[in-house]
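Encoded as structure tokens, the structure appears first; notes follow it.
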Amino acid sequence: MMRSTMSDAGGTIAGRKGEGLHGLRNIFLSTLSYNLSRIFLSVIFLWSGISKLMAPQFFAVIIENYGFLPDPLTLPAAIILSIIEVLAGLGLLADIRGSLAVVTGLLASFMVILSYGVWLGLDIDCGCFGSEDPETRAFSGLRSTLFRDIVMMLVVFYLYFWRHLHGMTPKSLTNLVRSFKKKEAL
């Protein structure tokens with residue numbers, strides 16, 4: 001009677017565990033994971049900013065509900081914030097220097113505002129994705145939105161970690177424009 005062992009099949013169980021962890025580490029540190037994470041955040045910020053620009057009055061009402069700004073400033077703030085989200089999303093999509101910092105600042109601000117809303121017990125929509133926001137469950141929506149923003153901040157930290165580990169610096173906007181001009185000249 002012949003017995004089959006793990007070593008006959010190409011390794012020990014302990015060895016396979018090591019391969020699994022090594023494989024996960026390779027995936028986590030891969031360029032593909034970095035790019036997918038960056039694109040994921042870009043799409044979220046683009047979707048959020050564009051949907052708010054489509055109905056800035058709705059977003060202005062949401063801002064007004066938080067009670068941070070005087071009424072005359074809510075519409076300009078809604079438009080400016082939406083434009084910043086779109087530009088940050090585009091910059092992150094193109095991996096332009098500074099765009100991840102803007103996304104970090106936006107997420108940190110959103111987390112502070114959402115925490116404030118949860119703390120006060122505000123029963124309002126977060127306004128994250130404009131008038132078509134799927135999170136219209138009000139107060140419970142603020143808590144889930146805060147959790148979602150925390151998860152997105154973890155993705156931001158991953159992107160910073162990956163860049164540091166690989167010694168990668170994103171492109172500057174000036175260099176990106178120069179490379180387009182050189183291509184046009186050819």
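Residues in the structure tokens are named by chain (A, B, ... in the order shown) and by number from 1 within that chain; ligands are numbered from 1 in the order shown.
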Helix (DSSP H, G or I) residues, from DSSP on the backbone, in stretch 24-142 of chain A, as a PyMOL selection string: chain A and resi 24-28+31-54+56-66+71-93+99-120+130-132+139-142
Selection near A:Leu165, 12 Å with only C-alpha atoms, sequence-local residues under 2 positions removed, as a ChimeraX atom specification: /A:28-31,34,158-163,167-169
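Within 8 Å of stretch 143-153 of chain A there are Leu41, Thr104, Leu107, Ala108, Phe110, Met111, Leu114, Ser115, Val118, Cys126 and Glu135 of chain A, counting only C-alpha atoms and ignoring same-chain residues fewer than 6 positions away.
Comparing A:Pro170, A:Gly67, A:Gly49, A:Pro72 by their smallest distance to A:Gly98, the closest is A:Pro170 (using only C-alpha atoms).
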Who sits within 10 Å of A:Gly89, only C-alpha atoms, same chain under 3 positions skipped, as a compact mmCIF listing (two decimals) with all heavy atoms, in the first residue's frame:
```txt
# COMPACT_ATOMS: atom_id res chain seq x y z
N ARG A 38 -5.73 53.03 -6.56
CA ARG A 38 -5.72 54.43 -7.00
C ARG A 38 -6.90 54.72 -7.92
O ARG A 38 -7.60 55.73 -7.76
CB ARG A 38 -4.39 54.70 -7.72
CG ARG A 38 -4.14 56.12 -8.10
CD ARG A 38 -2.74 56.29 -8.68
NE ARG A 38 -2.41 55.33 -9.72
CZ ARG A 38 -2.83 55.42 -10.98
NH1 ARG A 38 -3.59 56.39 -11.36
NH2 ARG A 38 -2.47 54.50 -11.86
N ILE A 39 -7.17 53.83 -8.85
CA ILE A 39 -8.29 54.01 -9.78
C ILE A 39 -9.62 53.92 -9.03
O ILE A 39 -10.54 54.70 -9.31
CB ILE A 39 -8.20 52.98 -10.93
CG1 ILE A 39 -7.00 53.32 -11.82
CG2 ILE A 39 -9.49 52.94 -11.73
CD1 ILE A 39 -6.62 52.23 -12.80
N PHE A 40 -9.73 53.02 -8.07
CA PHE A 40 -10.93 52.89 -7.24
C PHE A 40 -11.26 54.22 -6.57
O PHE A 40 -12.38 54.72 -6.64
CB PHE A 40 -10.71 51.78 -6.21
CG PHE A 40 -11.73 51.71 -5.13
CD1 PHE A 40 -13.00 51.23 -5.38
CD2 PHE A 40 -11.42 52.14 -3.84
CE1 PHE A 40 -13.96 51.17 -4.36
CE2 PHE A 40 -12.35 52.08 -2.82
CZ PHE A 40 -13.63 51.60 -3.08
N LEU A 41 -10.27 54.82 -5.90
CA LEU A 41 -10.50 56.11 -5.24
C LEU A 41 -10.82 57.21 -6.25
O LEU A 41 -11.68 58.06 -6.01
CB LEU A 41 -9.27 56.52 -4.42
CG LEU A 41 -9.14 55.94 -3.04
CD1 LEU A 41 -7.86 56.44 -2.37
CD2 LEU A 41 -10.33 56.28 -2.17
N SER A 42 -10.13 57.18 -7.38
CA SER A 42 -10.38 58.18 -8.42
C SER A 42 -11.82 58.15 -8.90
O SER A 42 -12.48 59.19 -9.01
CB SER A 42 -9.47 57.93 -9.64
OG SER A 42 -8.13 58.02 -9.30
N VAL A 43 -12.31 56.96 -9.17
CA VAL A 43 -13.68 56.80 -9.66
C VAL A 43 -14.68 57.29 -8.63
O VAL A 43 -15.65 57.98 -8.96
CB VAL A 43 -13.95 55.33 -10.07
CG1 VAL A 43 -15.42 55.08 -10.31
CG2 VAL A 43 -13.13 54.97 -11.30
N ILE A 44 -14.45 56.98 -7.36
CA ILE A 44 -15.36 57.44 -6.31
C ILE A 44 -15.40 58.96 -6.25
O ILE A 44 -16.48 59.57 -6.19
CB ILE A 44 -14.96 56.84 -4.94
CG1 ILE A 44 -15.29 55.36 -4.93
CG2 ILE A 44 -15.68 57.56 -3.80
CD1 ILE A 44 -14.83 54.62 -3.70
N PHE A 45 -14.24 59.60 -6.29
CA PHE A 45 -14.21 61.07 -6.22
C PHE A 45 -14.76 61.71 -7.48
O PHE A 45 -15.43 62.74 -7.41
CB PHE A 45 -12.80 61.56 -5.88
CG PHE A 45 -12.56 61.60 -4.40
CD1 PHE A 45 -12.17 60.46 -3.72
CD2 PHE A 45 -12.76 62.76 -3.68
CE1 PHE A 45 -11.99 60.47 -2.35
CE2 PHE A 45 -12.59 62.79 -2.31
CZ PHE A 45 -12.19 61.64 -1.64
N LEU A 46 -14.51 61.12 -8.63
CA LEU A 46 -15.09 61.64 -9.86
C LEU A 46 -16.61 61.52 -9.84
O LEU A 46 -17.33 62.47 -10.16
CB LEU A 46 -14.51 60.91 -11.08
CG LEU A 46 -13.09 61.30 -11.46
CD1 LEU A 46 -12.52 60.33 -12.48
CD2 LEU A 46 -13.05 62.72 -12.00
N TRP A 47 -17.11 60.35 -9.47
CA TRP A 47 -18.56 60.12 -9.40
C TRP A 47 -19.20 61.10 -8.42
O TRP A 47 -20.22 61.73 -8.72
CB TRP A 47 -18.83 58.67 -9.00
CG TRP A 47 -20.27 58.32 -8.78
CD1 TRP A 47 -21.38 58.90 -9.34
CD2 TRP A 47 -20.77 57.30 -7.92
NE1 TRP A 47 -22.52 58.29 -8.89
CE2 TRP A 47 -22.17 57.30 -8.01
CE3 TRP A 47 -20.16 56.37 -7.09
CZ2 TRP A 47 -22.97 56.42 -7.30
CZ3 TRP A 47 -20.96 55.49 -6.39
CH2 TRP A 47 -22.35 55.52 -6.50
N SER A 48 -18.60 61.23 -7.25
CA SER A 48 -19.14 62.12 -6.23
C SER A 48 -19.15 63.57 -6.70
O SER A 48 -20.17 64.26 -6.59
CB SER A 48 -18.30 61.99 -4.95
OG SER A 48 -18.73 62.89 -3.98
N GLY A 49 -18.04 64.04 -7.22
CA GLY A 49 -17.95 65.44 -7.65
C GLY A 49 -18.86 65.76 -8.83
O GLY A 49 -19.55 66.78 -8.84
N ILE A 83 -15.97 70.80 -7.52
CA ILE A 83 -14.89 70.96 -8.51
C ILE A 83 -13.58 70.40 -7.96
O ILE A 83 -12.84 69.72 -8.68
CB ILE A 83 -14.74 72.45 -8.92
CG1 ILE A 83 -15.96 72.89 -9.74
CG2 ILE A 83 -13.44 72.68 -9.68
CD1 ILE A 83 -16.04 74.37 -10.02
N ILE A 84 -13.30 70.65 -6.68
CA ILE A 84 -12.08 70.10 -6.07
C ILE A 84 -12.11 68.58 -6.09
O ILE A 84 -11.10 67.93 -6.39
CB ILE A 84 -11.91 70.63 -4.63
CG1 ILE A 84 -11.59 72.12 -4.66
CG2 ILE A 84 -10.82 69.86 -3.89
CD1 ILE A 84 -11.61 72.80 -3.30
N GLU A 85 -13.28 67.99 -5.81
CA GLU A 85 -13.39 66.52 -5.86
C GLU A 85 -13.10 65.99 -7.26
O GLU A 85 -12.39 64.99 -7.41
CB GLU A 85 -14.79 66.08 -5.42
CG GLU A 85 -15.00 66.12 -3.94
CD GLU A 85 -16.36 65.58 -3.56
OE1 GLU A 85 -17.36 66.24 -3.86
OE2 GLU A 85 -16.40 64.49 -2.95
N VAL A 86 -13.65 66.64 -8.27
CA VAL A 86 -13.42 66.20 -9.65
C VAL A 86 -11.95 66.34 -10.02
O VAL A 86 -11.34 65.41 -10.58
CB VAL A 86 -14.32 66.98 -10.65
CG1 VAL A 86 -13.91 66.71 -12.08
CG2 VAL A 86 -15.79 66.63 -10.43
N LEU A 92 -5.66 62.01 -9.33
CA LEU A 92 -5.32 60.69 -8.80
C LEU A 92 -5.36 59.64 -9.92
O LEU A 92 -4.53 58.74 -9.96
CB LEU A 92 -6.28 60.31 -7.68
CG LEU A 92 -5.88 59.17 -6.77
CD1 LEU A 92 -4.53 59.42 -6.11
CD2 LEU A 92 -6.94 58.96 -5.70
N LEU A 93 -6.30 59.79 -10.83
CA LEU A 93 -6.38 58.88 -11.97
C LEU A 93 -5.12 58.95 -12.81
O LEU A 93 -4.59 57.92 -13.26
CB LEU A 93 -7.62 59.21 -12.81
CG LEU A 93 -8.00 58.23 -13.90
CD1 LEU A 93 -8.33 56.87 -13.32
CD2 LEU A 93 -9.18 58.76 -14.69
N ALA A 94 -4.60 60.16 -13.02
CA ALA A 94 -3.38 60.35 -13.80
C ALA A 94 -2.12 60.20 -12.94
O ALA A 94 -1.01 60.31 -13.44
CB ALA A 94 -3.39 61.73 -14.46
N ASP A 95 -2.30 59.97 -11.65
CA ASP A 95 -1.20 59.82 -10.69
C ASP A 95 -0.31 61.06 -10.66
O ASP A 95 0.91 60.98 -10.80
CB ASP A 95 -0.39 58.56 -10.97
CG ASP A 95 0.20 57.96 -9.70
OD1 ASP A 95 -0.15 58.42 -8.60
OD2 ASP A 95 1.02 57.03 -9.81
N SER A 99 -2.27 65.16 -5.76
CA SER A 99 -3.69 64.77 -5.80
C SER A 99 -4.06 63.85 -4.64
O SER A 99 -5.15 63.97 -4.08
CB SER A 99 -4.04 64.13 -7.14
OG SER A 99 -3.23 63.01 -7.40
N LEU A 100 -3.16 62.96 -4.24
CA LEU A 100 -3.45 62.09 -3.11
C LEU A 100 -3.53 62.90 -1.81
O LEU A 100 -4.35 62.62 -0.95
CB LEU A 100 -2.41 60.97 -2.99
CG LEU A 100 -2.67 59.90 -1.93
CD1 LEU A 100 -4.02 59.22 -2.15
CD2 LEU A 100 -1.55 58.88 -1.92
N VAL A 102 -4.64 65.98 -1.64
CA VAL A 102 -5.95 66.64 -1.68
C VAL A 102 -7.04 65.65 -1.28
O VAL A 102 -7.94 65.98 -0.50
CB VAL A 102 -6.23 67.25 -3.08
CG1 VAL A 102 -7.65 67.78 -3.18
CG2 VAL A 102 -5.23 68.35 -3.39
N VAL A 103 -6.97 64.43 -1.81
CA VAL A 103 -7.94 63.39 -1.44
C VAL A 103 -7.88 63.12 0.07
O VAL A 103 -8.91 62.99 0.73
CB VAL A 103 -7.71 62.10 -2.26
CG1 VAL A 103 -8.48 60.93 -1.69
CG2 VAL A 103 -8.09 62.33 -3.72
```
Contact residues around A:Leu176 with only C-alpha atoms at 10 Å, ignoring same-chain residues under 4 positions, as a PyMOL selection string: chain A and resi 94+96+171-172+180-181
Selection: 10 Å around A:Met54, only C-alpha atoms, excl. self and same-chain fewer than 3 positions, as a list in words: Gly49, Ile50, Ser51, Gln57, Phe58, Phe59, Ile79, Ser82, Gly130 and Ser131 of chain A
Atom pair atom CA of A:Leu53 / atom CA of A:Ala101: separation (Å):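 Atom CA of A:Ala101 lies 21.9 Å from atom CA of A:Leu53.
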Computed interatomic separation between atom CA of A:Leu154 and atom CA of A:Asp123 (Å): 26.6 Å
Atomic distance atom CA of A:Ala60 - atom CA of A:Ala78, expressed in Å with one decimal: 5.2 Å
Nearby residues (only C-alpha atoms) at most 10 Å from A:Asn65, same-chain spacing under 3 positions excluded, as a list in words: Phe59, Ala60, Val61, Ile62, Phe68, Leu69, Asp71, Thr74, Gly117, Leu122, Asp123, Ile124, Asp125 and Cys126 of chain A
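Of the listed residues A:His164, A:Lys52, A:Arg25, A:Lys183, the one whose atoms come nearest to A:Cys128 is A:Lys52, with distances taken using only C-alpha atoms.
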